[in-house]
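What follows is the content of model_17.pdb, which has PDB, C-alpha atoms:
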```
ATOM      1  CA  MET A   1      69.781 157.441  66.134  1.00  0.00           C
ATOM      2  CA  VAL A   2      73.092 157.107  64.443  1.00  0.00           C
ATOM      3  CA  ILE A   3      74.548 158.015  61.072  1.00  0.00           C
ATOM      4  CA  HIS A   4      77.858 156.666  60.049  1.00  0.00           C
ATOM      5  CA  THR A   5      80.631 158.168  58.046  1.00  0.00           C
ATOM      6  CA  HIS A   6      82.356 154.889  57.442  1.00  0.00           C
ATOM      7  CA  PRO A   7      85.388 154.026  59.556  1.00  0.00           C
ATOM      8  CA  GLU A   8      88.484 155.582  58.105  1.00  0.00           C
ATOM      9  CA  HIS A   9      89.665 153.845  54.985  1.00  0.00           C
ATOM     10  CA  LYS A  10      92.136 154.593  52.264  1.00  0.00           C
ATOM     11  CA  ASN A  11      91.099 155.880  48.824  1.00  0.00           C
ATOM     12  CA  GLN A  12      93.367 155.978  45.811  1.00  0.00           C
ATOM     13  CA  SER A  13      93.795 159.352  44.126  1.00  0.00           C
ATOM     14  CA  LYS A  14      94.465 159.797  40.410  1.00  0.00           C
ATOM     15  CA  LYS A  15      98.179 160.003  41.127  1.00  0.00           C
ATOM     16  CA  GLY A  16      98.066 156.768  43.086  1.00  0.00           C
ATOM     17  CA  LYS A  17      98.504 158.471  46.434  1.00  0.00           C
ATOM     18  CA  THR A  18      96.640 157.154  49.438  1.00  0.00           C
ATOM     19  CA  VAL A  19      94.059 159.529  50.933  1.00  0.00           C
ATOM     20  CA  GLU A  20      92.471 159.002  54.337  1.00  0.00           C
ATOM     21  CA  LYS A  21      88.709 159.436  54.471  1.00  0.00           C
ATOM     22  CA  THR A  22      87.714 161.194  57.665  1.00  0.00           C
ATOM     23  CA  THR A  23      84.906 160.057  59.902  1.00  0.00           C
ATOM     24  CA  THR A  24      82.673 161.907  62.344  1.00  0.00           C
ATOM     25  CA  ILE A  25      81.238 158.814  64.013  1.00  0.00           C
ATOM     26  CA  ASP A  26      82.670 156.547  66.659  1.00  0.00           C
ATOM     27  CA  PRO A  27      82.090 152.964  65.417  1.00  0.00           C
ATOM     28  CA  GLU A  28      81.280 151.933  68.987  1.00  0.00           C
ATOM     29  CA  GLU A  29      78.211 154.185  68.811  1.00  0.00           C
ATOM     30  CA  ILE A  30      77.018 152.288  65.742  1.00  0.00           C
ATOM     31  CA  ILE A  31      77.432 148.972  67.546  1.00  0.00           C
ATOM     32  CA  HIS A  32      75.636 150.265  70.642  1.00  0.00           C
ATOM     33  CA  PHE A  33      72.496 151.281  68.751  1.00  0.00           C
ATOM     34  CA  ALA A  34      72.542 148.502  66.153  1.00  0.00           C
ATOM     35  CA  LYS A  35      72.000 145.793  68.760  1.00  0.00           C
ATOM     36  CA  ASP A  36      68.472 147.108  69.376  1.00  0.00           C
ATOM     37  CA  SER A  37      67.565 147.917  65.765  1.00  0.00           C
ATOM     38  CA  LYS A  38      64.682 145.456  65.595  1.00  0.00           C
ATOM     39  CA  LYS A  39      62.957 147.241  68.496  1.00  0.00           C
ATOM     40  CA  TRP A  40      62.638 150.704  66.935  1.00  0.00           C
ATOM     41  CA  TRP A  41      58.839 150.633  66.871  1.00  0.00           C
ATOM     42  CA  ASP A  42      58.395 149.056  70.301  1.00  0.00           C
ATOM     43  CA  GLU A  43      56.976 151.961  72.299  1.00  0.00           C
ATOM     44  CA  ASP A  44      57.970 150.284  75.563  1.00  0.00           C
ATOM     45  CA  GLY A  45      61.405 149.166  74.355  1.00  0.00           C
ATOM     46  CA  PRO A  46      64.847 150.803  74.388  1.00  0.00           C
ATOM     47  CA  PHE A  47      63.644 153.666  72.174  1.00  0.00           C
ATOM     48  CA  LYS A  48      60.726 154.540  74.454  1.00  0.00           C
ATOM     49  CA  PRO A  49      62.128 158.037  75.241  1.00  0.00           C
ATOM     50  CA  LEU A  50      62.223 158.857  71.512  1.00  0.00           C
ATOM     51  CA  HIS A  51      58.592 157.797  71.131  1.00  0.00           C
ATOM     52  CA  ARG A  52      57.751 160.172  73.982  1.00  0.00           C
ATOM     53  CA  LEU A  53      59.821 162.957  72.463  1.00  0.00           C
ATOM     54  CA  ASN A  54      58.538 162.593  68.936  1.00  0.00           C
ATOM     55  CA  PRO A  55      55.159 164.396  69.078  1.00  0.00           C
ATOM     56  CA  VAL A  56      56.588 167.571  70.596  1.00  0.00           C
ATOM     57  CA  ARG A  57      59.635 167.471  68.310  1.00  0.00           C
ATOM     58  CA  MET A  58      57.357 167.226  65.289  1.00  0.00           C
ATOM     59  CA  ASP A  59      55.255 170.168  66.483  1.00  0.00           C
ATOM     60  CA  TYR A  60      58.428 172.246  66.669  1.00  0.00           C
ATOM     61  CA  ILE A  61      59.684 171.106  63.266  1.00  0.00           C
ATOM     62  CA  GLU A  62      56.333 171.844  61.635  1.00  0.00           C
ATOM     63  CA  GLN A  63      56.304 175.354  63.131  1.00  0.00           C
ATOM     64  CA  GLN A  64      59.856 176.088  61.998  1.00  0.00           C
ATOM     65  CA  ILE A  65      59.291 174.869  58.448  1.00  0.00           C
ATOM     66  CA  ALA A  66      56.027 176.807  58.117  1.00  0.00           C
ATOM     67  CA  SER A  67      57.815 179.929  59.365  1.00  0.00           C
ATOM     68  CA  HIS A  68      60.705 179.547  56.905  1.00  0.00           C
ATOM     69  CA  TYR A  69      58.906 178.418  53.754  1.00  0.00           C
ATOM     70  CA  ASP A  70      55.768 179.979  52.295  1.00  0.00           C
ATOM     71  CA  VAL A  71      54.913 176.916  50.211  1.00  0.00           C
ATOM     72  CA  ASP A  72      52.905 173.756  50.632  1.00  0.00           C
ATOM     73  CA  PHE A  73      54.817 171.016  52.428  1.00  0.00           C
ATOM     74  CA  ASP A  74      54.468 168.668  49.452  1.00  0.00           C
ATOM     75  CA  LYS A  75      56.795 170.994  47.520  1.00  0.00           C
ATOM     76  CA  LEU A  76      59.622 170.455  50.015  1.00  0.00           C
ATOM     77  CA  ASN A  77      62.216 167.691  50.173  1.00  0.00           C
ATOM     78  CA  ILE A  78      63.713 166.845  53.533  1.00  0.00           C
ATOM     79  CA  LEU A  79      66.647 164.729  54.692  1.00  0.00           C
ATOM     80  CA  ASP A  80      66.507 162.904  58.021  1.00  0.00           C
ATOM     81  CA  ILE A  81      70.126 162.204  59.003  1.00  0.00           C
ATOM     82  CA  GLY A  82      70.422 159.314  61.421  1.00  0.00           C
ATOM     83  CA  CYS A  83      66.866 158.187  60.731  1.00  0.00           C
ATOM     84  CA  GLY A  84      67.129 154.902  62.613  1.00  0.00           C
ATOM     85  CA  GLY A  85      63.910 152.922  62.264  1.00  0.00           C
ATOM     86  CA  GLY A  86      62.027 155.856  60.777  1.00  0.00           C
ATOM     87  CA  LEU A  87      60.151 157.491  63.660  1.00  0.00           C
ATOM     88  CA  VAL A  88      60.841 161.017  62.449  1.00  0.00           C
ATOM     89  CA  SER A  89      60.840 160.194  58.732  1.00  0.00           C
ATOM     90  CA  GLU A  90      57.333 158.753  58.926  1.00  0.00           C
ATOM     91  CA  SER A  91      56.014 161.761  60.836  1.00  0.00           C
ATOM     92  CA  LEU A  92      57.497 164.088  58.211  1.00  0.00           C
ATOM     93  CA  ALA A  93      56.012 162.036  55.379  1.00  0.00           C
ATOM     94  CA  GLN A  94      52.605 162.217  57.061  1.00  0.00           C
ATOM     95  CA  MET A  95      52.921 166.016  56.841  1.00  0.00           C
ATOM     96  CA  GLY A  96      53.177 165.631  53.068  1.00  0.00           C
ATOM     97  CA  MET A  97      56.892 166.230  52.551  1.00  0.00           C
ATOM     98  CA  GLN A  98      59.183 164.278  50.229  1.00  0.00           C
ATOM     99  CA  VAL A  99      61.372 162.444  52.737  1.00  0.00           C
ATOM    100  CA  THR A 100      64.758 160.753  52.497  1.00  0.00           C
ATOM    101  CA  GLY A 101      66.104 158.982  55.575  1.00  0.00           C
ATOM    102  CA  ILE A 102      69.719 157.870  55.896  1.00  0.00           C
ATOM    103  CA  ASP A 103      71.406 155.721  58.527  1.00  0.00           C
ATOM    104  CA  ALA A 104      74.449 153.453  58.707  1.00  0.00           C
ATOM    105  CA  ASP A 105      72.624 150.635  60.468  1.00  0.00           C
ATOM    106  CA  ALA A 106      71.389 148.230  57.784  1.00  0.00           C
ATOM    107  CA  ASN A 107      69.060 146.513  60.250  1.00  0.00           C
ATOM    108  CA  ALA A 108      67.441 149.825  61.186  1.00  0.00           C
ATOM    109  CA  ILE A 109      66.937 150.693  57.517  1.00  0.00           C
ATOM    110  CA  GLU A 110      65.325 147.300  56.956  1.00  0.00           C
ATOM    111  CA  VAL A 111      62.954 147.990  59.854  1.00  0.00           C
ATOM    112  CA  ALA A 112      62.232 151.499  58.526  1.00  0.00           C
ATOM    113  CA  ASN A 113      61.406 150.223  55.040  1.00  0.00           C
ATOM    114  CA  ALA A 114      59.124 147.502  56.370  1.00  0.00           C
ATOM    115  CA  HIS A 115      57.237 149.888  58.662  1.00  0.00           C
ATOM    116  CA  ALA A 116      56.839 152.505  55.918  1.00  0.00           C
ATOM    117  CA  LYS A 117      55.357 149.836  53.655  1.00  0.00           C
ATOM    118  CA  THR A 118      52.912 148.810  56.377  1.00  0.00           C
ATOM    119  CA  SER A 119      52.033 152.479  56.916  1.00  0.00           C
ATOM    120  CA  GLU A 120      51.656 152.991  53.136  1.00  0.00           C
ATOM    121  CA  LEU A 121      54.153 155.859  53.143  1.00  0.00           C
ATOM    122  CA  ASP A 122      56.493 156.703  50.266  1.00  0.00           C
ATOM    123  CA  ILE A 123      59.867 157.302  51.941  1.00  0.00           C
ATOM    124  CA  SER A 124      63.297 156.873  50.366  1.00  0.00           C
ATOM    125  CA  TYR A 125      65.600 155.121  52.824  1.00  0.00           C
ATOM    126  CA  ILE A 126      69.356 154.855  52.296  1.00  0.00           C
ATOM    127  CA  CYS A 127      71.833 152.768  54.248  1.00  0.00           C
ATOM    128  CA  GLY A 128      75.020 154.789  54.123  1.00  0.00           C
ATOM    129  CA  ASP A 129      76.798 158.021  54.859  1.00  0.00           C
ATOM    130  CA  ALA A 130      75.269 161.478  54.499  1.00  0.00           C
ATOM    131  CA  GLN A 131      78.558 162.972  53.366  1.00  0.00           C
ATOM    132  CA  ASP A 132      78.461 160.692  50.302  1.00  0.00           C
ATOM    133  CA  LEU A 133      75.150 162.103  49.055  1.00  0.00           C
ATOM    134  CA  ASP A 134      75.149 164.542  46.133  1.00  0.00           C
ATOM    135  CA  LYS A 135      71.638 165.939  46.453  1.00  0.00           C
ATOM    136  CA  GLN A 136      70.757 169.043  48.464  1.00  0.00           C
ATOM    137  CA  TYR A 137      67.548 169.446  50.429  1.00  0.00           C
ATOM    138  CA  ASP A 138      65.185 172.210  51.514  1.00  0.00           C
ATOM    139  CA  VAL A 139      65.296 170.948  55.099  1.00  0.00           C
ATOM    140  CA  VAL A 140      67.792 168.774  56.961  1.00  0.00           C
ATOM    141  CA  VAL A 141      66.956 167.336  60.371  1.00  0.00           C
ATOM    142  CA  ALA A 142      69.478 165.671  62.684  1.00  0.00           C
ATOM    143  CA  LEU A 143      67.763 164.706  65.916  1.00  0.00           C
ATOM    144  CA  GLU A 144      69.472 163.134  68.924  1.00  0.00           C
ATOM    145  CA  ILE A 145      72.615 162.355  66.962  1.00  0.00           C
ATOM    146  CA  ILE A 146      75.183 165.136  67.267  1.00  0.00           C
ATOM    147  CA  GLU A 147      75.996 164.037  70.836  1.00  0.00           C
ATOM    148  CA  HIS A 148      77.221 160.736  69.382  1.00  0.00           C
ATOM    149  CA  VAL A 149      79.657 162.052  66.753  1.00  0.00           C
ATOM    150  CA  ARG A 150      83.435 162.314  67.020  1.00  0.00           C
ATOM    151  CA  ASN A 151      83.716 165.869  65.726  1.00  0.00           C
ATOM    152  CA  VAL A 152      80.836 168.306  66.146  1.00  0.00           C
ATOM    153  CA  GLU A 153      82.053 170.901  63.659  1.00  0.00           C
ATOM    154  CA  GLU A 154      82.698 168.334  60.933  1.00  0.00           C
ATOM    155  CA  PHE A 155      79.263 166.815  61.466  1.00  0.00           C
ATOM    156  CA  ILE A 156      77.603 170.227  61.208  1.00  0.00           C
ATOM    157  CA  GLU A 157      79.504 170.768  57.966  1.00  0.00           C
ATOM    158  CA  VAL A 158      78.186 167.431  56.646  1.00  0.00           C
ATOM    159  CA  CYS A 159      74.634 168.597  57.432  1.00  0.00           C
ATOM    160  CA  ILE A 160      75.171 171.998  55.819  1.00  0.00           C
ATOM    161  CA  ASN A 161      76.633 170.466  52.667  1.00  0.00           C
ATOM    162  CA  ARG A 162      73.352 168.600  52.191  1.00  0.00           C
ATOM    163  CA  LEU A 163      71.360 171.819  52.572  1.00  0.00           C
ATOM    164  CA  LYS A 164      70.223 174.152  49.790  1.00  0.00           C
ATOM    165  CA  PRO A 165      71.664 177.696  50.113  1.00  0.00           C
ATOM    166  CA  ASN A 166      68.451 179.070  51.640  1.00  0.00           C
ATOM    167  CA  GLY A 167      67.639 175.881  53.516  1.00  0.00           C
ATOM    168  CA  LEU A 168      66.670 175.088  57.088  1.00  0.00           C
ATOM    169  CA  LEU A 169      68.686 172.892  59.455  1.00  0.00           C
ATOM    170  CA  ILE A 170      67.010 171.591  62.614  1.00  0.00           C
ATOM    171  CA  MET A 171      68.859 169.713  65.334  1.00  0.00           C
ATOM    172  CA  SER A 172      67.973 168.374  68.757  1.00  0.00           C
ATOM    173  CA  THR A 173      70.374 167.174  71.415  1.00  0.00           C
ATOM    174  CA  LEU A 174      71.358 167.445  75.086  1.00  0.00           C
ATOM    175  CA  ASN A 175      73.015 170.481  76.618  1.00  0.00           C
ATOM    176  CA  ARG A 176      76.244 170.025  78.574  1.00  0.00           C
ATOM    177  CA  THR A 177      75.227 171.251  82.025  1.00  0.00           C
ATOM    178  CA  PRO A 178      75.231 169.866  85.577  1.00  0.00           C
ATOM    179  CA  LYS A 179      71.468 169.429  85.266  1.00  0.00           C
ATOM    180  CA  SER A 180      71.818 167.348  82.091  1.00  0.00           C
ATOM    181  CA  PHE A 181      74.324 165.109  83.857  1.00  0.00           C
ATOM    182  CA  ALA A 182      71.919 164.606  86.754  1.00  0.00           C
ATOM    183  CA  LEU A 183      68.855 163.969  84.594  1.00  0.00           C
ATOM    184  CA  GLY A 184      70.263 162.745  81.284  1.00  0.00           C
ATOM    185  CA  ILE A 185      72.863 160.363  82.713  1.00  0.00           C
ATOM    186  CA  VAL A 186      72.224 159.552  86.377  1.00  0.00           C
ATOM    187  CA  ALA A 187      68.415 159.551  86.315  1.00  0.00           C
ATOM    188  CA  ALA A 188      67.714 158.367  82.753  1.00  0.00           C
ATOM    189  CA  GLU A 189      70.345 155.617  82.601  1.00  0.00           C
ATOM    190  CA  HIS A 190      70.946 154.505  86.190  1.00  0.00           C
ATOM    191  CA  ILE A 191      67.799 155.236  88.212  1.00  0.00           C
ATOM    192  CA  LEU A 192      64.805 155.263  85.860  1.00  0.00           C
ATOM    193  CA  ARG A 193      66.508 153.019  83.281  1.00  0.00           C
ATOM    194  CA  TRP A 194      64.784 154.846  80.421  1.00  0.00           C
ATOM    195  CA  VAL A 195      67.726 154.069  78.162  1.00  0.00           C
ATOM    196  CA  PRO A 196      70.481 151.446  78.430  1.00  0.00           C
ATOM    197  CA  ARG A 197      73.534 152.386  80.477  1.00  0.00           C
ATOM    198  CA  GLY A 198      76.268 153.868  78.340  1.00  0.00           C
ATOM    199  CA  THR A 199      73.870 155.359  75.798  1.00  0.00           C
ATOM    200  CA  HIS A 200      75.271 158.834  76.431  1.00  0.00           C
ATOM    201  CA  THR A 201      78.601 160.365  77.391  1.00  0.00           C
ATOM    202  CA  TRP A 202      78.134 163.671  79.195  1.00  0.00           C
ATOM    203  CA  SER A 203      81.350 165.179  77.820  1.00  0.00           C
ATOM    204  CA  LYS A 204      79.929 164.732  74.298  1.00  0.00           C
ATOM    205  CA  PHE A 205      76.798 166.763  75.049  1.00  0.00           C
ATOM    206  CA  VAL A 206      76.747 169.982  73.012  1.00  0.00           C
ATOM    207  CA  LYS A 207      75.899 173.510  74.112  1.00  0.00           C
ATOM    208  CA  PRO A 208      73.608 175.569  71.832  1.00  0.00           C
ATOM    209  CA  SER A 209      76.322 178.227  71.608  1.00  0.00           C
ATOM    210  CA  GLU A 210      78.745 175.647  70.210  1.00  0.00           C
ATOM    211  CA  ILE A 211      76.357 174.617  67.442  1.00  0.00           C
ATOM    212  CA  ALA A 212      75.637 178.271  66.670  1.00  0.00           C
ATOM    213  CA  ARG A 213      79.333 179.172  66.518  1.00  0.00           C
ATOM    214  CA  HIS A 214      80.177 176.343  64.138  1.00  0.00           C
ATOM    215  CA  ALA A 215      77.136 177.038  61.954  1.00  0.00           C
ATOM    216  CA  ARG A 216      78.019 180.718  61.558  1.00  0.00           C
ATOM    217  CA  LYS A 217      81.361 179.695  60.069  1.00  0.00           C
ATOM    218  CA  HIS A 218      79.355 178.169  57.230  1.00  0.00           C
ATOM    219  CA  ASN A 219      76.993 181.151  56.810  1.00  0.00           C
ATOM    220  CA  LEU A 220      74.078 179.624  58.677  1.00  0.00           C
ATOM    221  CA  THR A 221      72.194 181.882  61.069  1.00  0.00           C
ATOM    222  CA  PRO A 222      70.872 180.528  64.389  1.00  0.00           C
ATOM    223  CA  TYR A 223      67.182 181.416  64.407  1.00  0.00           C
ATOM    224  CA  ASP A 224      65.609 179.706  67.387  1.00  0.00           C
ATOM    225  CA  VAL A 225      66.569 177.616  70.402  1.00  0.00           C
ATOM    226  CA  THR A 226      63.811 175.962  72.419  1.00  0.00           C
ATOM    227  CA  GLY A 227      64.044 173.622  75.390  1.00  0.00           C
ATOM    228  CA  LEU A 228      62.358 170.244  75.808  1.00  0.00           C
ATOM    229  CA  ILE A 229      61.081 169.613  79.338  1.00  0.00           C
ATOM    230  CA  PHE A 230      59.734 166.377  80.780  1.00  0.00           C
ATOM    231  CA  ASN A 231      56.652 166.696  82.974  1.00  0.00           C
ATOM    232  CA  PRO A 232      56.503 163.605  85.242  1.00  0.00           C
ATOM    233  CA  LEU A 233      52.900 164.341  86.246  1.00  0.00           C
ATOM    234  CA  LYS A 234      51.718 164.194  82.639  1.00  0.00           C
ATOM    235  CA  ASN A 235      54.389 161.693  81.633  1.00  0.00           C
ATOM    236  CA  ALA A 236      55.092 163.827  78.574  1.00  0.00           C
ATOM    237  CA  PHE A 237      57.536 166.341  77.139  1.00  0.00           C
ATOM    238  CA  HIS A 238      56.691 169.938  76.324  1.00  0.00           C
ATOM    239  CA  LEU A 239      58.497 172.908  74.791  1.00  0.00           C
ATOM    240  CA  SER A 240      60.079 175.623  76.935  1.00  0.00           C
ATOM    241  CA  GLU A 241      61.371 179.003  75.810  1.00  0.00           C
ATOM    242  CA  THR A 242      63.468 179.425  78.949  1.00  0.00           C
ATOM    243  CA  ASP A 243      64.775 176.055  80.152  1.00  0.00           C
ATOM    244  CA  LEU A 244      67.524 174.786  77.839  1.00  0.00           C
ATOM    245  CA  ASP A 245      69.439 172.949  80.540  1.00  0.00           C
ATOM    246  CA  VAL A 246      68.785 169.378  79.373  1.00  0.00           C
ATOM    247  CA  ASN A 247      67.150 168.693  75.992  1.00  0.00           C
ATOM    248  CA  TYR A 248      66.756 171.381  73.353  1.00  0.00           C
ATOM    249  CA  LEU A 249      65.985 171.975  69.686  1.00  0.00           C
ATOM    250  CA  ILE A 250      67.796 174.504  67.524  1.00  0.00           C
ATOM    251  CA  SER A 251      66.939 175.779  64.052  1.00  0.00           C
ATOM    252  CA  LEU A 252      69.478 177.409  61.744  1.00  0.00           C
ATOM    253  CA  ARG A 253      68.710 179.179  58.485  1.00  0.00           C
ATOM    254  CA  GLY A 254      70.668 179.643  55.311  1.00  0.00           C
ATOM    255  CA  ALA A 255      70.832 182.988  53.522  1.00  0.00           C
ATOM    256  CA  ARG A 256      67.679 183.795  51.587  1.00  0.00           C
TER     257      ARG A 256
END
```
Can you present the structure in this file as structure tokens?
Amino acid sequence: MVIHTHPEHKNQSKKGKTVEKTTTIDPEEIIHFAKDSKKWWDEDGPFKPLHRLNPVRMDYIEQQIASHYDVDFDKLNILDIGCGGGLVSESLAQMGMQVTGIDADANAIEVANAHAKTSELDISYICGDAQDLDKQYDVVVALEIIEHVRNVEEFIEVCINRLKPNGLLIMSTLNRTPKSFALGIVAAEHILRWVPRGTHTWSKFVKPSEIARHARKHNLTPYDVTGLIFNPLKNAFHLSETDLDVNYLISLRGAR
């Protein structure tokens, strides 16, 4: 799932000076995912691993939100950064939350809108760049995206800028460990062919400590880190409090 801060372009300031707009996304990542945009809801297609991940991710997100906010979910607004075809956005909307999904891939947004209409869900989808939004949200989720950005700290800052002061940021990604290289690259891309080759670059995987360090600079407190483990016997993922070596989720809280 990919969000795009548009490729660097020049803006004119009031004094006529040229200002470079920074970007956190490699345009090649956009191209890589955009070619399969029409297949977002194909459970046996290129996004099959995300379909498998989604139920357990949503269980975690629901637990974290319920722990942080003592209000009904329909009182909360949530931003799904890098929403793709809407897998996560639809699950959040089914929980009753007011959901906005944003992604740079116009084809993915078209797919997301069409599927939401079929599902009779009221979701606001935006094709664009999260750093260009003005609104702040109670919850921001950025799932399986930070490992595709150019600059981790700048991307975290983009997420935090969209968050209300006491908000909740939830991310999921792949840890940078020997085990994640073996399973996330060699096995997933080359042996099992769960995802197309070249989907991930191991050097861009992010350690939980790196996310936590960058978040603290912006007054966000790491609250929980939980692993995601694949059980081949059950053909399903489950949460793990101890094994963070490959996939993991992390929640970070703003000051109350």
Go through the shown structure with the PyMOL selection byres ((chain A and resi 65-68) around 12) and write out the matching residues as a PyMOL selection string.
-> chain A and resi 58-64+69-78+92+95+97+138-141+166-170+223-224+251-256
Keeping only C-alpha atoms, write the selected residues as a CSV table (one decimal), in the coordinates of the input.
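Final output, out.csv:
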```csv
chain,number,residue,atom,x,y,z
A,58,MET,CA,57.4,167.2,65.3
A,59,ASP,CA,55.3,170.2,66.5
A,60,TYR,CA,58.4,172.2,66.7
A,61,ILE,CA,59.7,171.1,63.3
A,62,GLU,CA,56.3,171.8,61.6
A,63,GLN,CA,56.3,175.4,63.1
A,64,GLN,CA,59.9,176.1,62.0
A,69,TYR,CA,58.9,178.4,53.8
A,70,ASP,CA,55.8,180.0,52.3
A,71,VAL,CA,54.9,176.9,50.2
A,72,ASP,CA,52.9,173.8,50.6
A,73,PHE,CA,54.8,171.0,52.4
A,74,ASP,CA,54.5,168.7,49.5
A,75,LYS,CA,56.8,171.0,47.5
A,76,LEU,CA,59.6,170.5,50.0
A,77,ASN,CA,62.2,167.7,50.2
A,78,ILE,CA,63.7,166.8,53.5
A,92,LEU,CA,57.5,164.1,58.2
A,95,MET,CA,52.9,166.0,56.8
A,97,MET,CA,56.9,166.2,52.6
A,138,ASP,CA,65.2,172.2,51.5
A,139,VAL,CA,65.3,170.9,55.1
A,140,VAL,CA,67.8,168.8,57.0
A,141,VAL,CA,67.0,167.3,60.4
A,166,ASN,CA,68.5,179.1,51.6
A,167,GLY,CA,67.6,175.9,53.5
A,168,LEU,CA,66.7,175.1,57.1
A,169,LEU,CA,68.7,172.9,59.5
A,170,ILE,CA,67.0,171.6,62.6
A,223,TYR,CA,67.2,181.4,64.4
A,224,ASP,CA,65.6,179.7,67.4
A,251,SER,CA,66.9,175.8,64.1
A,252,LEU,CA,69.5,177.4,61.7
A,253,ARG,CA,68.7,179.2,58.5
A,254,GLY,CA,70.7,179.6,55.3
A,255,ALA,CA,70.8,183.0,53.5
A,256,ARG,CA,67.7,183.8,51.6
```
Padding 4 Å on every side, please: axis-aligned box over the listed atoms of stretch 63-72 of chain A, centre and edge lengths to one decimal in Å, as lines of an AutoDock Vina configuration file.
```
center_x = 56.8
center_y = 176.9
center_z = 56.7
size_x = 15.8
size_y = 14.2
size_z = 20.9
```
From the list A:Lys117, A:Met171, A:Val149, A:Phe230, which residue is nearest A:His200 when using only C-alpha atoms?
-> A:Val149
For this file, the PyMOL selection byres ((chain A and resi 90) around 9) selects which residues, as a ChimeraX atom specification?
-> /A:86-89,91-95,99,112,115-116,119,121-123
Rounded to one decimal place, report the atom CA of A:Thr221-atom CA of A:Gly82 distance in Å.
->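 Atom CA of A:Gly82 lies at a distance of 22.6 Å from atom CA of A:Thr221.
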Written as a ChimeraX atom specification, what is the full residue list that the PyMOL selection byres ((chain A and resi 234-239) around 12) yields on the file shown?
-> /A:48-61,225-233,240-244,246-250
Minimum-distance residue to A:Ile109, chosen among A:Ala142, A:Cys83, A:Leu133, A:Leu163 (using all atoms listed in the file) =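 Comparing A:Ala142, A:Cys83, A:Leu133, A:Leu163 against A:Ile109, the winner is A:Cys83.
For the atom pair formed by atom CA of A:Cys127 and atom CA of A:Ala104, the distance is 5.2 Å, given to one decimal.
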Could you tell me which of A:Ile185, A:Ala114, A:Ala108, A:Ala130 comes closest to A:Asn161 if we count only C-alpha atoms?
->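 That would be A:Ala130, the residue with the smallest distance to A:Asn161.
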Pairwise distance for atom CA of A:Ile126 and atom CA of A:Phe155, rounded to one decimal in Å |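 Between atom CA of A:Ile126 and atom CA of A:Phe155 the gap is 18.0 Å.
Closest approach to A:His148 from the set A:Leu220, A:Val206, A:Ala34, A:Ala106 is made by A:Val206, with distances taken over all atoms listed in the file.
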